[in-house]
file coords_34.cif (mmCIF, C-alpha atoms)
data_run
#
loop_
_atom_site.group_PDB
_atom_site.id
_atom_site.type_symbol
_atom_site.label_atom_id
_atom_site.label_comp_id
_atom_site.auth_asym_id
_atom_site.auth_seq_id
_atom_site.Cartn_x
_atom_site.Cartn_y
_atom_site.Cartn_z
ATOM 1 C CA MET M 1 27.156 78.380 -29.556
ATOM 2 C CA ASN M 2 23.538 79.415 -29.984
ATOM 3 C CA GLU M 3 21.119 78.193 -27.309
ATOM 4 C CA LEU M 4 19.096 75.092 -28.171
ATOM 5 C CA VAL M 5 15.320 75.478 -27.859
ATOM 6 C CA ILE M 6 12.874 72.556 -27.674
ATOM 7 C CA ARG M 7 9.189 73.230 -28.304
ATOM 8 C CA CYS M 8 6.700 70.412 -27.786
ATOM 9 C CA CYS M 9 3.425 70.357 -29.734
ATOM 10 C CA VAL M 10 0.905 67.737 -28.609
ATOM 11 C CA LEU M 11 -0.921 66.550 -31.713
ATOM 12 C CA GLY M 12 -3.365 63.944 -32.991
ATOM 13 C CA MET M 13 -5.900 61.544 -31.584
ATOM 14 C CA VAL M 14 -3.520 59.919 -29.101
ATOM 15 C CA SER M 15 -1.698 63.106 -27.990
ATOM 16 C CA THR M 16 1.683 62.555 -29.578
ATOM 17 C CA ASN M 17 4.596 64.830 -28.733
ATOM 18 C CA CYS M 18 5.953 66.497 -31.855
ATOM 19 C CA TYR M 19 9.138 68.443 -31.178
ATOM 20 C CA ILE M 20 10.375 71.524 -32.994
ATOM 21 C CA VAL M 21 14.040 71.840 -32.072
ATOM 22 C CA TYR M 22 15.987 74.929 -33.111
ATOM 23 C CA THR M 23 18.704 77.352 -32.100
ATOM 24 C CA GLU M 24 18.147 80.929 -31.033
ATOM 25 C CA PRO M 25 19.575 83.364 -33.625
ATOM 26 C CA LYS M 26 22.426 85.650 -32.638
ATOM 27 C CA GLU M 27 20.941 88.423 -34.757
ATOM 28 C CA GLU M 28 17.495 89.985 -34.649
ATOM 29 C CA GLY M 29 15.249 90.954 -37.527
ATOM 30 C CA GLU M 30 12.106 89.914 -39.370
ATOM 31 C CA ASP M 31 14.079 88.006 -42.003
ATOM 32 C CA VAL M 32 16.325 86.118 -39.590
ATOM 33 C CA LEU M 33 15.397 82.421 -39.479
ATOM 34 C CA SER M 34 16.620 79.801 -37.043
ATOM 35 C CA PRO M 35 17.692 76.375 -38.354
ATOM 36 C CA GLY M 36 15.558 73.617 -36.907
ATOM 37 C CA VAL M 37 14.579 69.959 -36.859
ATOM 38 C CA ILE M 38 11.085 68.492 -36.585
ATOM 39 C CA ILE M 39 10.777 65.225 -34.682
ATOM 40 C CA ASP M 40 7.729 62.966 -35.154
ATOM 41 C CA PRO M 41 5.209 65.228 -36.965
ATOM 42 C CA GLY M 42 2.291 63.027 -35.991
ATOM 43 C CA ASP M 43 -0.642 65.053 -37.320
ATOM 44 C CA ASN M 44 -1.959 68.506 -38.242
ATOM 45 C CA ALA M 45 0.666 69.697 -40.716
ATOM 46 C CA PRO M 46 -0.914 73.199 -40.990
ATOM 47 C CA PHE M 47 -0.400 73.710 -37.243
ATOM 48 C CA ILE M 48 3.253 72.652 -37.480
ATOM 49 C CA LEU M 49 3.846 74.897 -40.494
ATOM 50 C CA ASN M 50 2.240 77.866 -38.749
ATOM 51 C CA LYS M 51 4.231 77.206 -35.583
ATOM 52 C CA CYS M 52 7.473 77.208 -37.588
ATOM 53 C CA ARG M 53 6.518 80.533 -39.157
ATOM 54 C CA GLU M 54 5.604 81.955 -35.755
ATOM 55 C CA LEU M 55 8.920 80.840 -34.256
ATOM 56 C CA LYS M 56 10.844 81.872 -37.399
ATOM 57 C CA VAL M 57 12.231 78.371 -37.771
ATOM 58 C CA SER M 58 13.568 76.959 -41.024
ATOM 59 C CA PRO M 59 13.564 73.149 -40.643
ATOM 60 C CA GLN M 60 16.474 71.182 -42.063
ATOM 61 C CA ALA M 61 15.070 67.682 -41.586
ATOM 62 C CA VAL M 62 12.248 65.527 -40.273
ATOM 63 C CA LEU M 63 13.452 62.879 -37.832
ATOM 64 C CA LEU M 64 11.208 59.905 -37.098
ATOM 65 C CA THR M 65 11.715 57.831 -33.972
ATOM 66 C CA HIS M 66 9.565 55.035 -35.408
ATOM 67 C CA GLY M 67 6.862 54.385 -37.957
ATOM 68 C CA HIS M 68 3.524 54.244 -36.148
ATOM 69 C CA PHE M 69 0.758 56.376 -37.656
ATOM 70 C CA ASP M 70 0.585 58.793 -34.749
ATOM 71 C CA HIS M 71 4.189 59.851 -35.380
ATOM 72 C CA ILE M 72 4.154 60.157 -39.187
ATOM 73 C CA LEU M 73 0.833 61.486 -40.502
ATOM 74 C CA ALA M 74 2.161 64.983 -41.229
ATOM 75 C CA ALA M 75 5.648 63.915 -42.347
ATOM 76 C CA GLU M 76 4.992 64.009 -46.096
ATOM 77 C CA ASP M 77 3.349 67.451 -45.959
ATOM 78 C CA ILE M 78 6.260 68.826 -43.945
ATOM 79 C CA ARG M 79 8.770 67.326 -46.379
ATOM 80 C CA ARG M 80 7.033 68.943 -49.351
ATOM 81 C CA ALA M 81 6.484 72.305 -47.675
ATOM 82 C CA PHE M 82 10.135 72.803 -46.721
ATOM 83 C CA HIS M 83 11.845 70.550 -49.320
ATOM 84 C CA ILE M 84 13.688 68.701 -46.587
ATOM 85 C CA PRO M 85 14.576 65.027 -46.062
ATOM 86 C CA ILE M 86 12.800 62.539 -43.839
ATOM 87 C CA MET M 87 15.165 60.361 -41.809
ATOM 88 C CA ALA M 88 14.327 57.133 -39.990
ATOM 89 C CA GLY M 89 15.950 53.925 -38.756
ATOM 90 C CA GLU M 90 16.920 51.526 -41.516
ATOM 91 C CA ASP M 91 15.062 48.606 -39.891
ATOM 92 C CA GLU M 92 11.795 50.567 -39.959
ATOM 93 C CA MET M 93 11.475 50.530 -43.753
ATOM 94 C CA THR M 94 8.773 47.852 -43.944
ATOM 95 C CA LEU M 95 6.615 49.196 -41.115
ATOM 96 C CA LEU M 96 6.732 52.753 -42.456
ATOM 97 C CA GLY M 97 5.800 51.574 -45.918
ATOM 98 C CA GLU M 98 2.805 49.390 -45.035
ATOM 99 C CA ALA M 99 -0.377 51.027 -43.760
ATOM 100 C CA ASP M 100 -1.575 47.868 -42.006
ATOM 101 C CA MET M 101 1.643 47.550 -40.039
ATOM 102 C CA ASN M 102 1.971 51.213 -39.097
ATOM 103 C CA LEU M 103 -1.711 51.123 -38.039
ATOM 104 C CA SER M 104 -2.793 54.092 -40.160
ATOM 105 C CA ALA M 105 -5.177 51.864 -42.120
ATOM 106 C CA SER M 106 -7.012 51.099 -38.875
ATOM 107 C CA PHE M 107 -7.524 54.759 -38.049
ATOM 108 C CA GLY M 108 -9.112 56.062 -41.236
ATOM 109 C CA GLU M 109 -6.140 57.282 -43.279
ATOM 110 C CA ALA M 110 -3.878 54.720 -44.931
ATOM 111 C CA VAL M 111 -0.406 56.272 -45.045
ATOM 112 C CA SER M 112 2.975 54.991 -46.132
ATOM 113 C CA VAL M 113 6.224 56.902 -45.802
ATOM 114 C CA SER M 114 9.605 56.322 -47.395
ATOM 115 C CA ALA M 115 12.576 58.016 -45.804
ATOM 116 C CA ASP M 116 15.095 59.953 -47.843
ATOM 117 C CA ARG M 117 17.830 58.704 -45.563
ATOM 118 C CA TRP M 118 17.840 55.450 -43.631
ATOM 119 C CA LEU M 119 19.852 55.664 -40.441
ATOM 120 C CA ARG M 120 22.185 53.106 -38.885
ATOM 121 C CA ASP M 121 22.769 52.407 -35.203
ATOM 122 C CA GLY M 122 25.596 54.572 -33.898
ATOM 123 C CA GLU M 123 25.505 56.958 -36.832
ATOM 124 C CA THR M 124 26.024 60.657 -36.083
ATOM 125 C CA LEU M 125 23.985 63.374 -37.791
ATOM 126 C CA LYS M 126 25.188 66.967 -38.067
ATOM 127 C CA LEU M 127 22.099 69.149 -37.729
ATOM 128 C CA ILE M 128 21.593 72.736 -36.491
ATOM 129 C CA GLY M 129 25.148 72.941 -35.235
ATOM 130 C CA ARG M 130 24.847 69.846 -33.040
ATOM 131 C CA SER M 131 25.851 66.192 -33.256
ATOM 132 C CA TRP M 132 22.885 63.816 -33.020
ATOM 133 C CA LYS M 133 23.722 60.195 -32.243
ATOM 134 C CA VAL M 134 21.328 57.590 -33.622
ATOM 135 C CA ILE M 135 20.603 54.834 -31.096
ATOM 136 C CA HIS M 136 18.727 51.810 -32.450
ATOM 137 C CA THR M 137 16.245 50.781 -29.744
ATOM 138 C CA PRO M 138 14.104 47.858 -30.948
ATOM 139 C CA GLY M 139 11.210 46.729 -28.797
ATOM 140 C CA HIS M 140 8.270 49.041 -29.405
ATOM 141 C CA THR M 141 8.986 48.469 -33.101
ATOM 142 C CA ALA M 142 11.836 46.612 -34.740
ATOM 143 C CA GLY M 143 13.386 49.711 -36.272
ATOM 144 C CA GLY M 144 12.752 52.332 -33.602
ATOM 145 C CA VAL M 145 15.547 54.776 -32.850
ATOM 146 C CA CYS M 146 16.315 57.447 -30.273
ATOM 147 C CA TYR M 147 18.279 60.630 -30.907
ATOM 148 C CA TYR M 148 20.917 61.700 -28.404
ATOM 149 C CA ILE M 149 22.594 65.120 -28.307
ATOM 150 C CA GLU M 150 25.399 64.508 -25.843
ATOM 151 C CA GLU M 151 26.611 68.111 -25.581
ATOM 152 C CA GLU M 152 23.106 69.259 -24.625
ATOM 153 C CA LYS M 153 22.343 66.254 -22.382
ATOM 154 C CA VAL M 154 19.168 65.629 -24.372
ATOM 155 C CA LEU M 155 17.552 62.380 -25.537
ATOM 156 C CA PHE M 156 14.488 62.094 -27.770
ATOM 157 C CA SER M 157 13.222 58.636 -26.855
ATOM 158 C CA GLY M 158 10.107 58.202 -29.006
ATOM 159 C CA ASP M 159 7.917 55.444 -27.597
ATOM 160 C CA THR M 160 10.805 53.412 -26.210
ATOM 161 C CA LEU M 161 11.168 55.134 -22.835
ATOM 162 C CA PHE M 162 8.457 57.077 -21.011
ATOM 163 C CA ARG M 163 8.357 58.605 -17.562
ATOM 164 C CA GLU M 164 8.308 55.564 -15.253
ATOM 165 C CA SER M 165 7.255 53.313 -18.134
ATOM 166 C CA VAL M 166 8.281 51.863 -21.478
ATOM 167 C CA GLY M 167 6.510 51.519 -24.820
ATOM 168 C CA ARG M 168 3.865 48.890 -25.444
ATOM 169 C CA THR M 169 4.970 45.652 -27.079
ATOM 170 C CA ASP M 170 1.762 44.153 -28.479
ATOM 171 C CA LEU M 171 1.926 45.779 -31.924
ATOM 172 C CA PRO M 172 3.560 44.655 -35.215
ATOM 173 C CA THR M 173 7.328 43.993 -34.972
ATOM 174 C CA ALA M 174 7.354 44.672 -31.198
ATOM 175 C CA SER M 175 9.222 42.560 -28.652
ATOM 176 C CA PRO M 176 9.039 42.690 -24.825
ATOM 177 C CA MET M 177 12.520 41.242 -24.486
ATOM 178 C CA ASP M 178 13.992 43.720 -26.964
ATOM 179 C CA ILE M 179 12.530 46.796 -25.310
ATOM 180 C CA ILE M 180 13.895 45.854 -21.899
ATOM 181 C CA ASP M 181 17.284 45.229 -23.465
ATOM 182 C CA SER M 182 17.156 48.540 -25.337
ATOM 183 C CA VAL M 183 16.178 50.550 -22.269
ATOM 184 C CA GLY M 184 18.659 48.893 -19.926
ATOM 185 C CA ARG M 185 21.656 48.437 -22.185
ATOM 186 C CA LYS M 186 21.401 51.538 -24.399
ATOM 187 C CA LEU M 187 19.443 54.256 -22.577
ATOM 188 C CA LEU M 188 19.816 53.902 -18.813
ATOM 189 C CA VAL M 189 23.594 53.828 -19.255
ATOM 190 C CA LEU M 190 23.524 57.474 -20.385
ATOM 191 C CA PRO M 191 24.436 60.211 -17.859
ATOM 192 C CA GLU M 192 21.803 60.551 -15.147
ATOM 193 C CA ASP M 193 21.313 64.274 -15.842
ATOM 194 C CA THR M 194 20.264 63.572 -19.430
ATOM 195 C CA ASN M 195 16.847 65.104 -20.131
ATOM 196 C CA VAL M 196 14.490 62.664 -21.854
ATOM 197 C CA TYR M 197 11.800 63.890 -24.246
ATOM 198 C CA PRO M 198 9.410 60.990 -25.002
ATOM 199 C CA GLY M 199 6.782 60.459 -27.680
ATOM 200 C CA HIS M 200 3.899 60.890 -25.220
ATOM 201 C CA ASP M 201 3.297 62.500 -21.841
ATOM 202 C CA GLU M 202 5.815 64.483 -19.811
ATOM 203 C CA ASP M 203 9.599 64.619 -19.998
ATOM 204 C CA THR M 204 11.896 62.938 -17.501
ATOM 205 C CA THR M 205 15.580 62.242 -16.838
ATOM 206 C CA ILE M 206 17.728 59.162 -17.071
ATOM 207 C CA GLY M 207 18.455 59.412 -13.340
ATOM 208 C CA HIS M 208 14.739 59.427 -12.499
ATOM 209 C CA GLU M 209 14.103 56.382 -14.688
ATOM 210 C CA LYS M 210 16.977 54.425 -13.164
ATOM 211 C CA LYS M 211 15.242 54.828 -9.803
ATOM 212 C CA TYR M 212 11.530 54.794 -10.584
ATOM 213 C CA ASN M 213 10.834 53.023 -13.866
ATOM 214 C CA ILE M 214 8.678 50.278 -12.382
ATOM 215 C CA ILE M 215 8.013 48.448 -15.645
ATOM 216 C CA TYR M 216 11.705 48.245 -16.527
ATOM 217 C CA HIS M 217 12.759 47.052 -13.081
ATOM 218 C CA GLY M 218 9.806 44.674 -12.865
ATOM 219 C CA ARG M 219 10.542 42.936 -16.164
ATOM 220 C CA ARG M 220 14.297 42.525 -15.902
#
call {"tool": "encode", "arguments": {"input": "coords_34.cif", "output": "structure tokens"}}
result
Amino acid sequence: MNELVIRCCVLGMVSTNCYIVYTEPKEEGEDVLSPGVIIDPGDNAPFILNKCRELKVSPQAVLLTHGHFDHILAAEDIRRAFHIPIMAGEDEMTLLGEADMNLSASFGEAVSVSADRWLRDGETLKLIGRSWKVIHTPGHTAGGVCYYIEEEKVLFSGDTLFRESVGRTDLPTASPMDIIDSVGRKLLVLPEDTNVYPGHDEDTTIGHEKKYNIIYHGRR
């Protein structure tokens, strides 16, 4: 199986982590492209497009962890450029579609996004030769999801779980009780050596968060 590569691009006014995930090709050559996935293209579509060309990545899909403006602003441009689907949690439809709720209207560019495929909790996606489990994690938003690649021990947690913190819960559709439930019941039960790639700041592991996530342990 080709090696999985995760490249993080920090984009936009609030430094959002956009991930370009792809597999290393077995063959070499100028025309050899690697299949990839783009997670949370939050801003600066030209940069993302150029980075894909530089890495020789051919994206198959855009995956959104949730619908806030800082995770979606470049999604439509990426979809058009590569003719690929946008996928998001089915309970995020309203927030993605309304600029006031996804906060883009408050930051100078009213944006609404409609996914090509709405994802259900527990659903498995087959992308770039891997199985991606969709985990519905309400709390930061009602329809937020995480993406778990069990065979790689990798979790893309969006703004649900951060290093020693959790996502804020004072925005539309958020719930403090739900985020603690999501983190404790759905994420911290994963293997401790699972690598966690969040929507902001540095990566972590499930084992580290079980020990040191002060906000989670303080709110239980």
call {"tool": "closest_residue", "arguments": {"input": "coords_34.cif", "among": "M:His66, M:Leu119, M:Ala110, M:Leu127", "to": "His140 of chain M", "atoms": "only C-alpha atoms"}}
result
M:His66
call {"tool": "closest_atom_pairs", "arguments": {"input": "coords_34.cif", "of": "segment 69-121 of chain M", "to": "segment 51-54 of chain M", "cutoff": "12 Å", "atoms": "all atoms listed in the file", "output": "JSON lines"}}
result
{"residue": "M:Ile78", "atom": "CA", "partner": "M:Cys52", "partner_atom": "CA", "distance": 10.6}
{"residue": "M:Ala81", "atom": "CA", "partner": "M:Cys52", "partner_atom": "CA", "distance": 11.3}
{"residue": "M:Phe82", "atom": "CA", "partner": "M:Cys52", "partner_atom": "CA", "distance": 10.5}
call {"tool": "write_last_selection", "arguments": {"input": "coords_34.cif", "atoms": "C-alpha atoms", "output": "compact mmCIF listing (two decimals), in the coordinates of the input"}}
result
# COMPACT_ATOMS: atom_id res chain seq x y z
CA ILE M 78 6.26 68.83 -43.94
CA ALA M 81 6.48 72.31 -47.68
CA PHE M 82 10.14 72.80 -46.72
call {"tool": "closest_residue", "arguments": {"input": "coords_34.cif", "among": "M:Phe47, M:Tyr22, M:Tyr212, M:Phe162", "to": "Ala61 of chain M", "atoms": "all atoms listed in the file"}}
result
M:Tyr22
call {"tool": "residues_around", "arguments": {"input": "coords_34.cif", "residues": "Leu125 of chain M", "least_positions_apart": "6", "cutoff": "12 Å", "atoms": "only C-alpha atoms", "output": "ChimeraX atom specification"}}
result
/M:37,60-61,63,87-88,117-119,131-135,147-149
call {"tool": "residues_around", "arguments": {"input": "coords_34.cif", "residues": "Leu103 of chain M", "least_positions_apart": "4", "cutoff": "8 Å", "atoms": "only C-alpha atoms", "output": "list of chain:residue names"}}
result
M:His68, M:Phe69, M:Ala99, M:Phe107
call {"tool": "closest_residue", "arguments": {"input": "coords_34.cif", "among": "M:Met93, M:Val113, M:Cys9, M:Met1", "to": "Ala75 of chain M", "atoms": "all atoms listed in the file"}}
result
M:Val113
call {"tool": "resolve_selection", "arguments": {"input": "coords_34.cif", "expression": "the PyMOL selection byres ((chain M and resi 39) around 9)", "output": "ChimeraX atom specification"}}
result
/M:17-21,37-38,40-42,61-65,71,156
call {"tool": "resolve_selection", "arguments": {"input": "coords_34.cif", "expression": "the PyMOL selection byres ((chain M and resi 35) around 8)", "output": "list in words"}}
result
Tyr22, Thr23, Leu33, Ser34, Gly36, Val37, Val57, Ser58, Pro59, Gln60 and Ile128 of chain M
call {"tool": "resolve_selection", "arguments": {"input": "coords_34.cif", "expression": "the PyMOL selection byres ((chain M and resi 207) around 8)", "output": "NGL selection string"}}
result
:M and (188 or 191-194 or 205-206 or 208-211)
call {"tool": "closest_residue", "arguments": {"input": "coords_34.cif", "among": "M:Glu90, M:Gly129, M:Gly67, M:Val183", "to": "Ser112 of chain M", "atoms": "all atoms listed in the file"}}
result
M:Gly67
call {"tool": "closest_residue", "arguments": {"input": "coords_34.cif", "among": "M:Arg168, M:Lys186, M:Lys56, M:Arg130", "to": "Pro25 of chain M", "atoms": "all atoms listed in the file"}}
result
M:Lys56
call {"tool": "atom_distance", "arguments": {"input": "coords_34.cif", "atom1": "atom CA of His217 of chain M", "atom2": "atom CA of Val166 of chain M"}}
result
10.7 Å
call {"tool": "build_atoms", "arguments": {"input": "coords_34.cif", "residues": "segment 185-197 of chain M", "atoms": "N, CA and C atoms", "output": "PDB file, in the coordinates of the input"}}
result
ATOM      1  N   ARG M 185      20.296  48.504 -21.653  1.00  0.00           N
ATOM      2  CA  ARG M 185      21.656  48.437 -22.185  1.00  0.00           C
ATOM      3  C   ARG M 185      22.060  49.689 -22.967  1.00  0.00           C
ATOM      4  N   LYS M 186      21.059  50.412 -23.519  1.00  0.00           N
ATOM      5  CA  LYS M 186      21.401  51.538 -24.399  1.00  0.00           C
ATOM      6  C   LYS M 186      20.992  52.906 -23.851  1.00  0.00           C
ATOM      7  N   LEU M 187      19.934  52.952 -23.026  1.00  0.00           N
ATOM      8  CA  LEU M 187      19.443  54.256 -22.577  1.00  0.00           C
ATOM      9  C   LEU M 187      19.796  54.552 -21.123  1.00  0.00           C
ATOM     10  N   LEU M 188      19.555  53.628 -20.228  1.00  0.00           N
ATOM     11  CA  LEU M 188      19.816  53.902 -18.813  1.00  0.00           C
ATOM     12  C   LEU M 188      21.291  53.948 -18.472  1.00  0.00           C
ATOM     13  N   VAL M 189      22.149  53.683 -19.456  1.00  0.00           N
ATOM     14  CA  VAL M 189      23.594  53.828 -19.255  1.00  0.00           C
ATOM     15  C   VAL M 189      24.058  55.250 -19.579  1.00  0.00           C
ATOM     16  N   LEU M 190      23.175  56.086 -20.096  1.00  0.00           N
ATOM     17  CA  LEU M 190      23.524  57.474 -20.385  1.00  0.00           C
ATOM     18  C   LEU M 190      23.653  58.252 -19.080  1.00  0.00           C
ATOM     19  N   PRO M 191      24.298  59.423 -19.092  1.00  0.00           N
ATOM     20  CA  PRO M 191      24.436  60.211 -17.859  1.00  0.00           C
ATOM     21  C   PRO M 191      23.092  60.481 -17.204  1.00  0.00           C
ATOM     22  N   GLU M 192      23.062  60.432 -15.875  1.00  0.00           N
ATOM     23  CA  GLU M 192      21.803  60.551 -15.147  1.00  0.00           C
ATOM     24  C   GLU M 192      21.133  61.907 -15.331  1.00  0.00           C
ATOM     25  N   ASP M 193      21.910  62.947 -15.657  1.00  0.00           N
ATOM     26  CA  ASP M 193      21.313  64.274 -15.842  1.00  0.00           C
ATOM     27  C   ASP M 193      20.862  64.518 -17.279  1.00  0.00           C
ATOM     28  N   THR M 194      20.792  63.454 -18.071  1.00  0.00           N
ATOM     29  CA  THR M 194      20.264  63.572 -19.430  1.00  0.00           C
ATOM     30  C   THR M 194      18.757  63.796 -19.376  1.00  0.00           C
ATOM     31  N   ASN M 195      18.279  64.821 -20.050  1.00  0.00           N
ATOM     32  CA  ASN M 195      16.847  65.104 -20.131  1.00  0.00           C
ATOM     33  C   ASN M 195      16.222  64.269 -21.239  1.00  0.00           C
ATOM     34  N   VAL M 196      15.143  63.584 -20.921  1.00  0.00           N
ATOM     35  CA  VAL M 196      14.490  62.664 -21.854  1.00  0.00           C
ATOM     36  C   VAL M 196      13.162  63.261 -22.317  1.00  0.00           C
ATOM     37  N   TYR M 197      13.023  63.364 -23.644  1.00  0.00           N
ATOM     38  CA  TYR M 197      11.800  63.890 -24.246  1.00  0.00           C
ATOM     39  C   TYR M 197      11.115  62.748 -25.002  1.00  0.00           C
TER      40      TYR M 197
END
